[in-house]
$ cat run-v5.tsv   # TSV, N, CA and C atoms
chain	number	residue	atom	x	y	z
A	1	MET	N	0.82	-1.19	0.00
A	1	MET	CA	0.00	0.00	0.00
A	1	MET	C	0.87	1.27	0.00
A	2	LYS	N	2.00	1.21	0.77
A	2	LYS	CA	2.91	2.35	0.79
A	2	LYS	C	3.48	2.62	-0.59
A	3	LYS	N	3.79	1.56	-1.31
A	3	LYS	CA	4.35	1.69	-2.65
A	3	LYS	C	3.36	2.38	-3.58
A	4	PHE	N	2.08	2.03	-3.45
A	4	PHE	CA	1.04	2.64	-4.28
A	4	PHE	C	0.97	4.14	-4.04
A	5	PHE	N	0.98	4.56	-2.77
A	5	PHE	CA	0.90	5.98	-2.45
A	5	PHE	C	2.16	6.72	-2.90
A	6	SER	N	3.29	6.06	-2.81
A	6	SER	CA	4.54	6.68	-3.29
A	6	SER	C	4.48	6.92	-4.79
A	7	LEU	N	4.01	5.93	-5.53
A	7	LEU	CA	3.87	6.09	-6.98
A	7	LEU	C	2.85	7.16	-7.32
A	8	LEU	N	1.76	7.20	-6.57
A	8	LEU	CA	0.74	8.22	-6.79
A	8	LEU	C	1.30	9.62	-6.55
A	9	MET	N	2.07	9.79	-5.50
A	9	MET	CA	2.68	11.09	-5.19
A	9	MET	C	3.66	11.51	-6.29
A	10	ILE	N	4.44	10.56	-6.79
A	10	ILE	CA	5.38	10.88	-7.87
A	10	ILE	C	4.63	11.31	-9.12
A	11	LEU	N	3.56	10.61	-9.44
A	11	LEU	CA	2.74	10.96	-10.59
A	11	LEU	C	2.13	12.36	-10.44
A	12	LEU	N	1.61	12.65	-9.26
A	12	LEU	CA	1.02	13.98	-9.02
A	12	LEU	C	2.07	15.07	-9.11
A	13	LEU	N	3.26	14.80	-8.61
A	13	LEU	CA	4.34	15.78	-8.70
A	13	LEU	C	4.72	16.05	-10.15
A	14	GLN	N	4.80	14.99	-10.95
A	14	GLN	CA	5.13	15.16	-12.37
A	14	GLN	C	4.04	15.95	-13.09
A	15	LEU	N	2.79	15.68	-12.79
A	15	LEU	CA	1.69	16.42	-13.42
A	15	LEU	C	1.73	17.89	-13.02
A	16	THR	N	2.06	18.16	-11.76
A	16	THR	CA	2.16	19.54	-11.30
A	16	THR	C	3.28	20.27	-12.03
A	17	ILE	N	4.39	19.62	-12.19
A	17	ILE	CA	5.52	20.24	-12.90
A	17	ILE	C	5.14	20.51	-14.35
A	18	LEU	N	4.50	19.56	-15.01
A	18	LEU	CA	4.07	19.76	-16.40
A	18	LEU	C	3.07	20.91	-16.52
A	19	ALA	N	2.16	20.99	-15.58
A	19	ALA	CA	1.14	22.05	-15.62
A	19	ALA	C	1.76	23.42	-15.40
A	20	ALA	N	2.85	23.48	-14.65
A	20	ALA	CA	3.49	24.75	-14.36
A	20	ALA	C	4.31	25.28	-15.52
A	21	CYS	N	4.65	24.43	-16.47
A	21	CYS	CA	5.42	24.86	-17.64
A	21	CYS	C	4.59	25.83	-18.45
A	22	SER	N	5.22	26.88	-18.94
A	22	SER	CA	4.49	27.84	-19.76
A	22	SER	C	5.19	27.99	-21.10
A	23	THR	N	4.44	28.55	-22.05
A	23	THR	CA	5.01	28.79	-23.37
A	23	THR	C	5.45	30.24	-23.47
A	24	THR	N	6.29	30.53	-24.41
A	24	THR	CA	6.72	31.90	-24.64
A	24	THR	C	5.59	32.69	-25.28
A	25	LYS	N	5.37	33.88	-24.76
A	25	LYS	CA	4.30	34.73	-25.26
A	25	LYS	C	4.78	35.49	-26.50
A	26	THR	N	4.01	35.45	-27.56
A	26	THR	CA	4.31	36.22	-28.76
A	26	THR	C	3.20	37.22	-28.96
A	27	PRO	N	3.39	38.22	-29.81
A	27	PRO	CA	2.34	39.23	-30.00
A	27	PRO	C	1.03	38.68	-30.55
A	28	THR	N	1.00	37.43	-31.04
A	28	THR	CA	-0.24	36.89	-31.57
A	28	THR	C	-0.96	35.99	-30.58
A	29	GLU	N	-0.49	35.95	-29.34
A	29	GLU	CA	-1.14	35.13	-28.33
A	29	GLU	C	-1.74	36.01	-27.25
A	30	THR	N	-2.82	35.52	-26.66
A	30	THR	CA	-3.40	36.20	-25.52
A	30	THR	C	-2.53	35.94	-24.31
A	31	PRO	N	-2.27	36.93	-23.49
A	31	PRO	CA	-1.47	36.67	-22.31
A	31	PRO	C	-2.18	35.68	-21.40
A	32	VAL	N	-1.44	34.72	-20.85
A	32	VAL	CA	-2.04	33.72	-19.99
A	32	VAL	C	-1.86	34.10	-18.52
A	33	ASP	N	-1.16	35.17	-18.25
A	33	ASP	CA	-1.01	35.63	-16.89
A	33	ASP	C	-1.54	37.06	-16.81
A	34	SER	N	-1.30	37.72	-15.72
A	34	SER	CA	-1.83	39.06	-15.56
A	34	SER	C	-0.86	40.14	-16.02
A	35	THR	N	0.24	39.75	-16.67
A	35	THR	CA	1.20	40.72	-17.17
A	35	THR	C	0.59	41.47	-18.34
A	36	PRO	N	0.48	42.79	-18.24
A	36	PRO	CA	-0.09	43.55	-19.35
A	36	PRO	C	0.79	43.45	-20.60
A	37	ILE	N	0.15	43.46	-21.74
A	37	ILE	CA	0.88	43.44	-23.00
A	37	ILE	C	0.94	44.86	-23.55
A	38	THR	N	1.89	45.10	-24.41
A	38	THR	CA	1.94	46.36	-25.14
A	38	THR	C	2.07	46.00	-26.61
A	39	LEU	N	1.28	46.66	-27.42
A	39	LEU	CA	1.26	46.40	-28.85
A	39	LEU	C	1.32	47.71	-29.62
A	40	THR	N	1.94	47.67	-30.77
A	40	THR	CA	1.85	48.79	-31.69
A	40	THR	C	0.50	48.68	-32.40
A	41	MET	N	0.13	49.69	-33.12
A	41	MET	CA	-1.11	49.64	-33.89
A	41	MET	C	-1.03	48.55	-34.95
A	42	GLU	N	0.16	48.34	-35.52
A	42	GLU	CA	0.34	47.29	-36.52
A	42	GLU	C	0.15	45.90	-35.89
A	43	GLU	N	0.66	45.72	-34.68
A	43	GLU	CA	0.49	44.45	-33.98
A	43	GLU	C	-0.97	44.24	-33.57
A	44	LEU	N	-1.61	45.30	-33.13
A	44	LEU	CA	-3.03	45.23	-32.74
A	44	LEU	C	-3.88	44.76	-33.92
A	45	ALA	N	-3.54	45.18	-35.12
A	45	ALA	CA	-4.32	44.83	-36.32
A	45	ALA	C	-4.41	43.32	-36.53
A	46	LYS	N	-3.46	42.56	-36.00
A	46	LYS	CA	-3.48	41.09	-36.14
A	46	LYS	C	-4.61	40.47	-35.31
A	47	PHE	N	-5.07	41.19	-34.30
A	47	PHE	CA	-6.11	40.68	-33.41
A	47	PHE	C	-7.48	41.15	-33.88
A	48	ASP	N	-7.86	40.68	-35.07
A	48	ASP	CA	-9.10	41.13	-35.71
A	48	ASP	C	-10.27	40.19	-35.47
A	49	GLY	N	-10.05	39.10	-34.75
A	49	GLY	CA	-11.13	38.16	-34.46
A	49	GLY	C	-11.48	37.22	-35.60
A	50	MET	N	-10.76	37.28	-36.68
A	50	MET	CA	-11.05	36.43	-37.83
A	50	MET	C	-10.04	35.30	-37.94
A	51	ASN	N	-10.44	34.22	-38.58
A	51	ASN	CA	-9.57	33.06	-38.83
A	51	ASN	C	-8.92	32.53	-37.55
A	52	GLY	N	-9.67	32.52	-36.47
A	52	GLY	CA	-9.15	31.98	-35.21
A	52	GLY	C	-8.34	32.95	-34.37
A	53	ASN	N	-8.16	34.18	-34.85
A	53	ASN	CA	-7.41	35.17	-34.08
A	53	ASN	C	-8.27	35.69	-32.93
A	54	LYS	N	-7.63	36.13	-31.86
A	54	LYS	CA	-8.32	36.81	-30.78
A	54	LYS	C	-8.81	38.15	-31.31
A	55	ALA	N	-9.80	38.71	-30.62
A	55	ALA	CA	-10.35	40.02	-31.00
A	55	ALA	C	-10.02	41.03	-29.91
A	56	TYR	N	-9.12	41.97	-30.24
A	56	TYR	CA	-8.75	43.04	-29.32
A	56	TYR	C	-9.18	44.37	-29.91
A	57	ILE	N	-9.59	45.27	-29.05
A	57	ILE	CA	-9.85	46.65	-29.46
A	57	ILE	C	-9.09	47.58	-28.52
A	58	ALA	N	-8.77	48.75	-29.01
A	58	ALA	CA	-8.10	49.76	-28.19
A	58	ALA	C	-9.06	50.92	-27.98
A	59	ILE	N	-9.12	51.37	-26.74
A	59	ILE	CA	-9.92	52.55	-26.38
A	59	ILE	C	-9.05	53.39	-25.47
A	60	GLU	N	-8.83	54.66	-25.84
A	60	GLU	CA	-8.03	55.59	-25.05
A	60	GLU	C	-6.67	55.00	-24.67
A	61	GLY	N	-6.03	54.30	-25.61
A	61	GLY	CA	-4.71	53.74	-25.39
A	61	GLY	C	-4.66	52.42	-24.64
A	62	LYS	N	-5.82	51.96	-24.15
A	62	LYS	CA	-5.88	50.68	-23.44
A	62	LYS	C	-6.41	49.61	-24.38
A	63	ILE	N	-5.90	48.38	-24.22
A	63	ILE	CA	-6.32	47.26	-25.06
A	63	ILE	C	-7.27	46.37	-24.27
A	64	TYR	N	-8.37	45.99	-24.93
A	64	TYR	CA	-9.37	45.12	-24.31
A	64	TYR	C	-9.56	43.88	-25.18
A	65	ASP	N	-9.72	42.74	-24.54
A	65	ASP	CA	-9.98	41.48	-25.23
A	65	ASP	C	-11.49	41.29	-25.30
A	66	VAL	N	-12.05	41.35	-26.51
A	66	VAL	CA	-13.51	41.19	-26.70
A	66	VAL	C	-13.83	39.86	-27.40
A	67	THR	N	-12.86	38.96	-27.43
A	67	THR	CA	-13.00	37.68	-28.12
A	67	THR	C	-14.25	36.92	-27.70
A	68	ASP	N	-14.49	36.83	-26.41
A	68	ASP	CA	-15.60	36.01	-25.90
A	68	ASP	C	-16.86	36.81	-25.60
A	69	ILE	N	-16.93	38.02	-26.11
A	69	ILE	CA	-18.13	38.84	-25.93
A	69	ILE	C	-19.01	38.64	-27.16
A	70	GLU	N	-20.19	38.09	-26.93
A	70	GLU	CA	-21.08	37.68	-28.03
A	70	GLU	C	-21.31	38.77	-29.08
A	71	PRO	N	-21.55	40.03	-28.70
A	71	PRO	CA	-21.75	41.05	-29.76
A	71	PRO	C	-20.52	41.25	-30.65
A	72	TRP	N	-19.35	40.76	-30.23
A	72	TRP	CA	-18.13	40.89	-31.01
A	72	TRP	C	-17.76	39.59	-31.71
A	73	LYS	N	-18.73	38.73	-31.93
A	73	LYS	CA	-18.49	37.44	-32.58
A	73	LYS	C	-17.76	37.66	-33.90
A	74	ASP	N	-16.72	36.88	-34.12
A	74	ASP	CA	-15.88	36.96	-35.32
A	74	ASP	C	-15.22	38.33	-35.49
A	75	GLY	N	-15.07	39.06	-34.37
A	75	GLY	CA	-14.35	40.33	-34.41
A	75	GLY	C	-15.12	41.49	-35.02
A	76	LYS	N	-16.44	41.34	-35.15
A	76	LYS	CA	-17.24	42.42	-35.74
A	76	LYS	C	-18.40	42.78	-34.82
A	77	HIS	N	-18.70	44.08	-34.78
A	77	HIS	CA	-19.80	44.57	-33.95
A	77	HIS	C	-20.34	45.85	-34.56
A	78	ASN	N	-21.57	45.82	-34.98
A	78	ASN	CA	-22.25	46.99	-35.55
A	78	ASN	C	-21.44	47.72	-36.62
A	79	GLY	N	-20.81	46.95	-37.49
A	79	GLY	CA	-20.06	47.54	-38.59
A	79	GLY	C	-18.62	47.87	-38.27
A	80	TYR	N	-18.19	47.67	-37.05
A	80	TYR	CA	-16.81	47.92	-36.66
A	80	TYR	C	-16.09	46.60	-36.52
A	81	THR	N	-14.77	46.63	-36.73
A	81	THR	CA	-13.99	45.40	-36.61
A	81	THR	C	-12.94	45.56	-35.52
A	82	ALA	N	-12.61	44.44	-34.90
A	82	ALA	CA	-11.56	44.42	-33.88
A	82	ALA	C	-10.21	44.62	-34.55
A	83	GLY	N	-9.20	44.81	-33.72
A	83	GLY	CA	-7.86	45.04	-34.24
A	83	GLY	C	-7.58	46.50	-34.52
A	84	LYS	N	-8.42	47.37	-33.98
A	84	LYS	CA	-8.28	48.81	-34.24
A	84	LYS	C	-8.49	49.62	-32.97
A	85	ASP	N	-8.09	50.88	-33.04
A	85	ASP	CA	-8.41	51.84	-31.99
A	85	ASP	C	-9.80	52.39	-32.31
A	86	LEU	N	-10.74	52.13	-31.43
A	86	LEU	CA	-12.12	52.55	-31.65
A	86	LEU	C	-12.55	53.65	-30.69
A	87	THR	N	-11.61	54.41	-30.17
A	87	THR	CA	-11.91	55.47	-29.21
A	87	THR	C	-12.95	56.44	-29.76
A	88	ASN	N	-12.71	56.96	-30.94
A	88	ASN	CA	-13.63	57.94	-31.52
A	88	ASN	C	-15.01	57.34	-31.73
A	89	GLU	N	-15.07	56.14	-32.25
A	89	GLU	CA	-16.35	55.49	-32.53
A	89	GLU	C	-17.15	55.25	-31.25
A	90	ILE	N	-16.47	54.79	-30.20
A	90	ILE	CA	-17.14	54.52	-28.92
A	90	ILE	C	-17.64	55.81	-28.30
A	91	LYS	N	-16.84	56.85	-28.36
A	91	LYS	CA	-17.19	58.10	-27.68
A	91	LYS	C	-18.17	58.97	-28.46
A	92	THR	N	-18.16	58.89	-29.80
A	92	THR	CA	-19.01	59.81	-30.56
A	92	THR	C	-20.15	59.16	-31.33
A	93	VAL	N	-20.01	57.88	-31.66
A	93	VAL	CA	-21.02	57.23	-32.50
A	93	VAL	C	-21.86	56.21	-31.71
A	94	SER	N	-21.21	55.46	-30.86
A	94	SER	CA	-21.87	54.37	-30.15
A	94	SER	C	-22.99	54.87	-29.24
A	95	PRO	N	-24.19	54.24	-29.32
A	95	PRO	CA	-25.29	54.67	-28.46
A	95	PRO	C	-25.05	54.33	-26.99
A	96	HIS	N	-24.21	53.35	-26.71
A	96	HIS	CA	-23.97	52.97	-25.32
A	96	HIS	C	-22.72	53.61	-24.75
A	97	GLY	N	-21.92	54.27	-25.58
A	97	GLY	CA	-20.72	54.94	-25.10
A	97	GLY	C	-19.75	54.00	-24.41
A	98	MET	N	-19.15	54.47	-23.35
A	98	MET	CA	-18.13	53.71	-22.63
A	98	MET	C	-18.70	52.69	-21.65
A	99	THR	N	-20.02	52.67	-21.45
A	99	THR	CA	-20.61	51.80	-20.43
A	99	THR	C	-20.17	50.35	-20.53
A	100	PRO	N	-20.25	49.67	-21.68
A	100	PRO	CA	-19.80	48.28	-21.72
A	100	PRO	C	-18.28	48.14	-21.54
A	101	ILE	N	-17.53	49.11	-22.01
A	101	ILE	CA	-16.07	49.06	-21.91
A	101	ILE	C	-15.64	49.18	-20.44
A	102	GLU	N	-16.33	49.98	-19.68
A	102	GLU	CA	-15.98	50.17	-18.27
A	102	GLU	C	-16.12	48.88	-17.46
A	103	LYS	N	-16.85	47.91	-17.97
A	103	LYS	CA	-17.02	46.62	-17.29
A	103	LYS	C	-15.87	45.67	-17.58
A	104	LEU	N	-15.03	46.01	-18.58
A	104	LEU	CA	-13.92	45.15	-18.98
A	104	LEU	C	-12.63	45.55	-18.28
A	105	THR	N	-11.74	44.59	-18.12
A	105	THR	CA	-10.41	44.85	-17.57
A	105	THR	C	-9.44	44.95	-18.73
A	106	PRO	N	-8.69	46.06	-18.82
A	106	PRO	CA	-7.71	46.15	-19.89
A	106	PRO	C	-6.66	45.06	-19.76
A	107	ILE	N	-6.23	44.54	-20.89
A	107	ILE	CA	-5.17	43.52	-20.88
A	107	ILE	C	-3.81	44.11	-21.25
A	108	GLY	N	-3.81	45.39	-21.62
A	108	GLY	CA	-2.55	46.01	-21.99
A	108	GLY	C	-2.75	47.42	-22.50
A	109	ALA	N	-1.73	47.90	-23.22
A	109	ALA	CA	-1.75	49.27	-23.73
A	109	ALA	C	-1.09	49.34	-25.09
A	110	ILE	N	-1.42	50.40	-25.80
A	110	ILE	CA	-0.80	50.67	-27.10
A	110	ILE	C	0.56	51.30	-26.89
A	111	LYS	N	1.57	50.84	-27.64
A	111	LYS	CA	2.90	51.44	-27.60
A	111	LYS	C	2.86	52.75	-28.38
A	112	ASN	N	3.53	53.72	-27.87
A	112	ASN	CA	3.62	55.01	-28.58
A	112	ASN	C	4.79	55.02	-29.52
$ encode --input "run-v5.tsv" --output "structure tokens"
Amino acid sequence: MKKFFSLLMILLLQLTILAACSTTKTPTETPVDSTPITLTMEELAKFDGMNGNKAYIAIEGKIYDVTDIEPWKDGKHNGYTAGKDLTNEIKTVSPHGMTPIEKLTPIGAIKN
């Protein structure tokens, strides 16, 4: 019985070590930790929500992940597409303004 528990503990330790391994973050991946990302506008454009890409938008220099927000399905919402700075559109055109954005946590910022 002791041998069984020893083997079980070794297996659990190995699984924990494997789970702790992380991959290198590239500009085309969503951050898996809480480290904010910084992207240029050119890099942001890759996150358009199409062809399996994540959908990011920038508002007032902050980047938001809208990938899993239903109105942004496939990176499109009311004629706008993800991968862009939509500050002007949200503030001057959108009927809801900043209200939905204020509920989101920024994942990063635009590089100047």
$ residues_around --input "run-v5.tsv" --residues "range 61-65 of chain A" --least-positions-apart "6" --cutoff "6.5 Å" --atoms "only N, CA and C atoms" --output "VMD selection string"
chain A and resid 55 105 to 110
$ closest_residue --input "run-v5.tsv" --among "A:Thr35, A:Met98, A:Gly79, A:Lys54" --to "Thr67 in chain A" --atoms "only N, CA and C atoms"
A:Lys54
$ closest_residue --input "run-v5.tsv" --among "A:Val93, A:Lys111, A:Pro100, A:Ile59" --to "Glu42 in chain A" --atoms "only C-alpha atoms"
A:Lys111
$ closest_residue --input "run-v5.tsv" --among "A:Ala45, A:Ile57, A:Ile37, A:Ile90" --to "Ile69 in chain A" --atoms "only C-alpha atoms"
A:Ile57
$ residues_near_point --input "run-v5.tsv" --point "(-12.2, 41.9, -30.8)" --cutoff "8 Å" --atoms "all atoms listed in the file" --output "PyMOL selection string"
chain A and resi 47-50+53-58+64-69+72-77+81-84
$ atom_distance --input "run-v5.tsv" --atom1 "CA of Asp85 in chain A" --atom2 "CA of Gly97 in chain A"
14.4 Å
$ axis_aligned_box --input "run-v5.tsv" --around "range 76-81 of chain A" --padding-each-side "4 Å" --output "AutoDock Vina command-line options"
--center_x -17.6 --center_y 44.6 --center_z -36.3 --size_x 17.3 --size_y 14.6 --size_z 12.6
$ atom_distance --input "run-v5.tsv" --atom1 "CA of Leu39 in chain A" --atom2 "atom C of Pro95 in chain A"
27.5 Å
$ atom_distance --input "run-v5.tsv" --atom1 "CA of His96 in chain A" --atom2 "atom N of Leu44 in chain A"
24.9 Å
$ select_by_dssp --input "run-v5.tsv" --residues "range 28-110 of chain A" --states "strand (DSSP E or B)" --output "list of chain:residue names"
A:Ile37, A:Thr38, A:Leu39, A:Asp48, A:Ala55, A:Tyr56, A:Ile57, A:Ala58, A:Ile59, A:Lys62, A:Ile63, A:Tyr64, A:Asp65, A:Lys76, A:His77, A:Tyr80, A:Thr81, A:Asp85, A:Gly108, A:Ala109, A:Ile110
$ decode --input "run-v5.tsv" --residues "range 66-101 of chain A" --atoms "C-alpha atoms" --output "JSON list (two decimals), in the first residue's frame"
[["chain", "number", "residue", "atom", "x", "y", "z"],
["A", 66, "VAL", "CA", -13.51, 41.19, -26.70],
["A", 67, "THR", "CA", -13.00, 37.68, -28.12],
["A", 68, "ASP", "CA", -15.60, 36.01, -25.90],
["A", 69, "ILE", "CA", -18.13, 38.84, -25.93],
["A", 70, "GLU", "CA", -21.08, 37.68, -28.03],
["A", 71, "PRO", "CA", -21.75, 41.05, -29.76],
["A", 72, "TRP", "CA", -18.13, 40.89, -31.01],
["A", 73, "LYS", "CA", -18.49, 37.44, -32.58],
["A", 74, "ASP", "CA", -15.88, 36.96, -35.32],
["A", 75, "GLY", "CA", -14.35, 40.33, -34.41],
["A", 76, "LYS", "CA", -17.24, 42.42, -35.74],
["A", 77, "HIS", "CA", -19.80, 44.57, -33.95],
["A", 78, "ASN", "CA", -22.25, 46.99, -35.55],
["A", 79, "GLY", "CA", -20.06, 47.54, -38.59],
["A", 80, "TYR", "CA", -16.81, 47.92, -36.66],
["A", 81, "THR", "CA", -13.99, 45.40, -36.61],
["A", 82, "ALA", "CA", -11.56, 44.42, -33.88],
["A", 83, "GLY", "CA", -7.86, 45.04, -34.24],
["A", 84, "LYS", "CA", -8.28, 48.81, -34.24],
["A", 85, "ASP", "CA", -8.41, 51.84, -31.99],
["A", 86, "LEU", "CA", -12.12, 52.55, -31.65],
["A", 87, "THR", "CA", -11.91, 55.47, -29.21],
["A", 88, "ASN", "CA", -13.63, 57.94, -31.52],
["A", 89, "GLU", "CA", -16.35, 55.49, -32.53],
["A", 90, "ILE", "CA", -17.14, 54.52, -28.92],
["A", 91, "LYS", "CA", -17.19, 58.10, -27.68],
["A", 92, "THR", "CA", -19.01, 59.81, -30.56],
["A", 93, "VAL", "CA", -21.02, 57.23, -32.50],
["A", 94, "SER", "CA", -21.87, 54.37, -30.15],
["A", 95, "PRO", "CA", -25.29, 54.67, -28.46],
["A", 96, "HIS", "CA", -23.97, 52.97, -25.32],
["A", 97, "GLY", "CA", -20.72, 54.94, -25.10],
["A", 98, "MET", "CA", -18.13, 53.71, -22.63],
["A", 99, "THR", "CA", -20.61, 51.80, -20.43],
["A", 100, "PRO", "CA", -19.80, 48.28, -21.72],
["A", 101, "ILE", "CA", -16.07, 49.06, -21.91]]
